[in-house]
Amino acid sequence: MMSGDLAMLLRRAGFGPTAAELAAAERVGYSATVERLMAPVGPDRGAARAPIPVLGPDAFDDLPNPTVEERTRAEALRIEHSDAIIRWWLDRLTVADHQANEKLLFFWHGHWATSMRKVGSPQFMLAQHMKIRSSPSFRTMARKLVSDPALVYWLDGQLNTRSAPNENLARELLELFTLGIGNYTEQDVKAAGRALTGWKTDLSHPENAIFFPADHDSGRKTILGTTAHFDAYSLVDHLTDQPACARFIAERLWFRYVSSTEPIAASTLRKMVAAYPVGMRMLRVLFEDEEFRSARHRVVKQPVEWLVGALRQLRIRPADFSKQTLHQVVSGLSGLGQVPFAPLSVGGWPSGAAWLTSAAAQARLGFADLLAGLTQIDRLNPEELANLLAVETWTNRTYLVLQRAKNPRQLLTLGLASPEYLVN
């Protein structure tokens with residue numbers, strides 16, 4: 001019998017524990033498992049098996065006025081590159097040993113919520129991903145992303161000049177990325193917009209947007225009560241130093257890791273704020289907190305969490321997918337409403353009951369059947385299935401349904417689509 005709090009810890013901190021990982025956690029206990037998750041020793045040998053793809057230049061780079069034929073070829077190459085980075089990231093999430101690192105990075109992706117569907121360039125998206133991956137703290141990350149071409153383009157920052165202000169990036173920077181609603185004024189948004197003027201994107205420079213001083217408003221601005229010659233970087237430093245920012249990030253971590261319906265406990269919030277701005281330290285505090293360990297709160301797995309957990313437990317690698325299977329998997333994720341590198345809006349993906357609609361249930365059942373068809377399991381019973389999927393126990397209702405399964409594929413499909421597997 002697996003320990004409930006250990007199983008929950010591994011499910012929340014990563015993408016779905018294997019039976020071997022659960023057994024290893026049982027041997028060392030809760031505190032040691034938190035230590036292993038938050039401060040893994042040595043390189044991630046699993047992740048090393050999923051090398052970062054080399055895309056080359058963007059397909060539209062150096063094509064200022066493409067012909068119809070050139071545009072068609074470039075769009076096809078962009079689709080190929082998009083497939084490559086989606087396949088790579090799903091594969092890395094599946095094979096990585098340092099699961100908490102990968103889960104936190106996926107959280108940050110949803111937090112900054114930049115979509116390839118508008119940005120267009122897979123090179124921009126991969127460069128942004130690597131900035132997030134290489135940032136040891138939220139402050140560092142925010143500094144890197146404020147001039148990131150994907151984010152700048154996504155929120156129309158390239159249109160923001162001193163002669164034609166555009167406040168889209170400024171508004172979302174304050175509302176969704178750093179402070180949260182109620183912690184700034186409209187005047188703060190306008191002044192922040194002025195601080196962000198002068199940045200342009202260029203397909204030949206996926207690493208950083210290009211700063212044009214002539215388009216930047218270098219005048220004094222008053223933001224959150226402080227007057228200075230703010231630019232993009234000093235603005236971000238100012239925002240991330242605010243007490244409201246530390247509280248906001250703690251609340252967002254709680255929302256994704258613990259509960260999307262219940263507010264964070266005051267004592268938990270204080271401890272997490274004290275660990276800000278390092279995301280892993282904030283998570284350690286959260287996982288060691290009594291409120292987390294109480295198991296009073298339930299989380300519905302996001303589609304990518306559900307998929308990657310299943311891939312890990314069934315020993316299926318996206319790197320081995322045929323092109324057709326990859327497209328079926330991406331189509332399945334699209335049907336469920338969550339594709340990596342393509343958040344639905346700047347607000348990121350929904351949570352909780354949003355994933356529990358009847359339409360989602362039907363889509364998940366078909367997706368589960370696809371995954372079950374990729375496995376090689378000849379014999380399976382409900383008890384073995386629970387061990388395989390790291391489910392502590394089946395309800396009587398689910399158990400009766402599983403017992404009626406006609407073959408291992410159907411049994412596995414039903415288990416993957418069950419409430420016990422979807423909610424933890």
# chains A, B, ... in the order shown; residues from 1 in each chain; ligands from 1
call {"tool": "select_by_dssp", "arguments": {"residues": "segment 103-261 of chain A", "states": "strand (DSSP E or B)", "output": "MDAnalysis selection string"}}
result
chainID A and resid 199:200 210:211 221:223 226:228
call {"tool": "residues_around", "arguments": {"residues": "Met272 of chain A", "least_positions_apart": "6", "cutoff": "7 Å", "atoms": "only C-alpha atoms", "output": "CSV table (one decimal) with C-alpha atoms, in the first residue's frame"}}
result
chain,number,residue,atom,x,y,z
A,250,ALA,CA,3.1,32.5,-4.1
A,282,MET,CA,9.1,28.6,-2.6
A,285,VAL,CA,8.3,25.6,1.6
A,286,LEU,CA,4.9,24.7,0.0
call {"tool": "closest_atom_pairs", "arguments": {"of": "segment 38-74 of chain A", "to": "segment 205-210 of chain A", "cutoff": "10 Å", "atoms": "only C-alpha atoms", "output": "Markdown table"}}
result
| residue | atom | partner | partner_atom | distance |
| --- | --- | --- | --- | --- |
| A:Pro57 | CA | A:Pro206 | CA | 8.8 |
| A:Asp58 | CA | A:Pro206 | CA | 8.6 |
| A:Asp61 | CA | A:His205 | CA | 9.5 |
call {"tool": "write_last_selection", "arguments": {"atoms": "C-alpha atoms", "output": "PDB file, in the first residue's frame"}}
result
ATOM      1  CA  PRO A  57      17.117  30.225 -38.968  1.00  0.00           C
ATOM      2  CA  ASP A  58      13.425  31.039 -39.103  1.00  0.00           C
ATOM      3  CA  ASP A  61      14.154  35.130 -42.257  1.00  0.00           C
TER       4      ASP A  61
END
call {"tool": "residues_around", "arguments": {"residues": "Lys131 of chain A", "least_positions_apart": "5", "cutoff": "9 Å", "atoms": "only C-alpha atoms", "output": "list of chain:residue names"}}
result
A:Leu126, A:Met141, A:Lys144, A:Leu145, A:Asp148, A:Glu207
call {"tool": "residues_around", "arguments": {"residues": "Leu307 of chain A", "least_positions_apart": "4", "cutoff": "12 Å", "atoms": "only C-alpha atoms", "output": "PyMOL selection string"}}
result
chain A and resi 15-16+90-91+93-94+301-303+311-318+329-330+332-333+336+338-340+364+367-368+370-372+389+416-417+421-422
call {"tool": "write_last_selection", "arguments": {"atoms": "N, CA and C atoms", "output": "mmCIF file, in the first residue's frame"}}
result
data_model
loop_
_atom_site.group_PDB
_atom_site.id
_atom_site.type_symbol
_atom_site.label_atom_id
_atom_site.label_comp_id
_atom_site.auth_asym_id
_atom_site.auth_seq_id
_atom_site.Cartn_x
_atom_site.Cartn_y
_atom_site.Cartn_z
ATOM 1 N N PHE A 15 5.346 14.954 -13.035
ATOM 2 C CA PHE A 15 4.329 14.674 -14.045
ATOM 3 C C PHE A 15 3.700 13.293 -13.925
ATOM 4 N N GLY A 16 3.901 12.650 -12.800
ATOM 5 C CA GLY A 16 3.303 11.330 -12.630
ATOM 6 C C GLY A 16 4.367 10.313 -12.298
ATOM 7 N N LEU A 90 7.775 17.452 -25.038
ATOM 8 C CA LEU A 90 7.028 16.321 -24.470
ATOM 9 C C LEU A 90 7.966 15.167 -24.126
ATOM 10 N N ASP A 91 8.952 14.933 -24.979
ATOM 11 C CA ASP A 91 9.900 13.853 -24.733
ATOM 12 C C ASP A 91 10.745 14.151 -23.500
ATOM 13 N N LEU A 93 9.999 16.103 -20.954
ATOM 14 C CA LEU A 93 9.161 15.980 -19.763
ATOM 15 C C LEU A 93 8.993 14.520 -19.363
ATOM 16 N N THR A 94 8.956 13.649 -20.344
ATOM 17 C CA THR A 94 8.739 12.227 -20.098
ATOM 18 C C THR A 94 9.977 11.540 -19.530
ATOM 19 N N LYS A 301 -5.682 17.275 -13.057
ATOM 20 C CA LYS A 301 -4.503 17.321 -13.918
ATOM 21 C C LYS A 301 -4.797 18.105 -15.189
ATOM 22 N N GLN A 302 -3.866 18.976 -15.562
ATOM 23 C CA GLN A 302 -3.949 19.609 -16.862
ATOM 24 C C GLN A 302 -3.687 18.543 -17.934
ATOM 25 N N PRO A 303 -4.177 18.737 -19.151
ATOM 26 C CA PRO A 303 -3.982 17.713 -20.188
ATOM 27 C C PRO A 303 -2.535 17.297 -20.405
ATOM 28 N N LEU A 311 2.587 8.721 -20.261
ATOM 29 C CA LEU A 311 3.748 8.316 -21.063
ATOM 30 C C LEU A 311 4.861 7.770 -20.174
ATOM 31 N N ARG A 312 5.084 8.415 -19.034
ATOM 32 C CA ARG A 312 6.134 7.965 -18.128
ATOM 33 C C ARG A 312 5.803 6.587 -17.558
ATOM 34 N N GLN A 313 4.569 6.409 -17.139
ATOM 35 C CA GLN A 313 4.182 5.158 -16.494
ATOM 36 C C GLN A 313 4.074 4.005 -17.488
ATOM 37 N N LEU A 314 3.773 4.322 -18.732
ATOM 38 C CA LEU A 314 3.649 3.279 -19.759
ATOM 39 C C LEU A 314 4.938 3.086 -20.555
ATOM 40 N N ARG A 315 5.946 3.857 -20.206
ATOM 41 C CA ARG A 315 7.263 3.762 -20.875
ATOM 42 C C ARG A 315 7.144 4.003 -22.380
ATOM 43 N N ILE A 316 6.465 5.088 -22.717
ATOM 44 C CA ILE A 316 6.310 5.497 -24.110
ATOM 45 C C ILE A 316 7.047 6.816 -24.303
ATOM 46 N N ARG A 317 7.881 6.906 -25.342
ATOM 47 C CA ARG A 317 8.635 8.128 -25.592
ATOM 48 C C ARG A 317 8.121 8.851 -26.837
ATOM 49 N N PRO A 318 7.825 10.141 -26.715
ATOM 50 C CA PRO A 318 7.466 10.916 -27.915
ATOM 51 C C PRO A 318 8.552 10.921 -28.977
ATOM 52 N N VAL A 329 -1.293 12.793 -31.321
ATOM 53 C CA VAL A 329 -1.108 13.222 -29.934
ATOM 54 C C VAL A 329 -1.349 14.726 -29.802
ATOM 55 N N VAL A 330 -0.772 15.511 -30.715
ATOM 56 C CA VAL A 330 -0.977 16.962 -30.666
ATOM 57 C C VAL A 330 -2.446 17.296 -30.897
ATOM 58 N N GLY A 332 -4.899 15.363 -30.064
ATOM 59 C CA GLY A 332 -5.562 14.998 -28.811
ATOM 60 C C GLY A 332 -5.427 16.089 -27.767
ATOM 61 N N LEU A 333 -4.219 16.648 -27.651
ATOM 62 C CA LEU A 333 -4.005 17.743 -26.706
ATOM 63 C C LEU A 333 -4.809 18.975 -27.110
ATOM 64 N N LEU A 336 -8.265 18.647 -26.057
ATOM 65 C CA LEU A 336 -8.429 18.844 -24.616
ATOM 66 C C LEU A 336 -8.155 20.290 -24.200
ATOM 67 N N GLN A 338 -4.996 22.058 -24.510
ATOM 68 C CA GLN A 338 -3.670 22.445 -24.011
ATOM 69 C C GLN A 338 -2.572 21.836 -24.880
ATOM 70 N N VAL A 339 -1.910 22.679 -25.652
ATOM 71 C CA VAL A 339 -0.782 22.263 -26.478
ATOM 72 C C VAL A 339 0.441 23.053 -26.032
ATOM 73 N N PRO A 340 1.575 22.403 -25.760
ATOM 74 C CA PRO A 340 2.777 23.146 -25.379
ATOM 75 C C PRO A 340 3.148 24.185 -26.436
ATOM 76 N N ARG A 364 -10.877 12.777 -23.962
ATOM 77 C CA ARG A 364 -9.863 12.079 -23.169
ATOM 78 C C ARG A 364 -9.978 10.566 -23.335
ATOM 79 N N PHE A 367 -8.356 9.699 -26.536
ATOM 80 C CA PHE A 367 -6.915 9.904 -26.386
ATOM 81 C C PHE A 367 -6.320 8.754 -25.579
ATOM 82 N N ALA A 368 -7.014 8.358 -24.515
ATOM 83 C CA ALA A 368 -6.536 7.253 -23.687
ATOM 84 C C ALA A 368 -6.449 5.962 -24.497
ATOM 85 N N LEU A 370 -5.842 5.787 -27.669
ATOM 86 C CA LEU A 370 -4.651 5.926 -28.519
ATOM 87 C C LEU A 370 -3.401 5.530 -27.741
ATOM 88 N N LEU A 371 -3.265 6.015 -26.523
ATOM 89 C CA LEU A 371 -2.088 5.688 -25.707
ATOM 90 C C LEU A 371 -2.057 4.200 -25.374
ATOM 91 N N ALA A 372 -3.216 3.644 -25.031
ATOM 92 C CA ALA A 372 -3.265 2.213 -24.704
ATOM 93 C C ALA A 372 -2.849 1.374 -25.903
ATOM 94 N N LEU A 389 -0.347 2.845 -12.648
ATOM 95 C CA LEU A 389 -0.706 4.258 -12.796
ATOM 96 C C LEU A 389 -0.561 5.060 -11.508
ATOM 97 N N LEU A 416 -6.973 5.181 -17.509
ATOM 98 C CA LEU A 416 -6.417 6.490 -17.840
ATOM 99 C C LEU A 416 -7.485 7.582 -17.854
ATOM 100 N N ALA A 417 -8.713 7.193 -18.159
ATOM 101 C CA ALA A 417 -9.812 8.166 -18.214
ATOM 102 C C ALA A 417 -10.583 8.252 -16.905
ATOM 103 N N TYR A 421 -7.569 8.781 -11.708
ATOM 104 C CA TYR A 421 -6.328 9.114 -12.377
ATOM 105 C C TYR A 421 -6.268 10.600 -12.733
ATOM 106 N N LEU A 422 -7.411 11.187 -12.993
ATOM 107 C CA LEU A 422 -7.464 12.581 -13.442
ATOM 108 C C LEU A 422 -7.354 13.573 -12.299
#
call {"tool": "atom_distance", "arguments": {"atom1": "atom CA of Thr185 of chain A", "atom2": "atom CA of Gln242 of chain A"}}
result
14.4 Å
call {"tool": "closest_residue", "arguments": {"among": "A:Ser259, A:Asn160, A:Ser31, A:Thr226", "to": "Val423 of chain A", "atoms": "only C-alpha atoms"}}
result
A:Ser259
call {"tool": "atom_distance", "arguments": {"atom1": "atom CA of Thr357 of chain A", "atom2": "atom CA of Ser331 of chain A"}}
result
17.7 Å
call {"tool": "select_by_dssp", "arguments": {"residues": "segment 101-256 of chain A", "states": "helix (DSSP H, G or I)", "output": "VMD selection string"}}
result
chain A and resid 101 to 112 116 to 119 122 to 133 138 to 145 149 to 154 157 to 159 168 to 178 186 to 195 213 to 215 232 to 240 243 to 256
call {"tool": "closest_residue", "arguments": {"among": "A:Gly335, A:Phe341, A:Ser267, A:Leu104", "to": "Ser121 of chain A", "atoms": "only C-alpha atoms"}}
result
A:Phe341
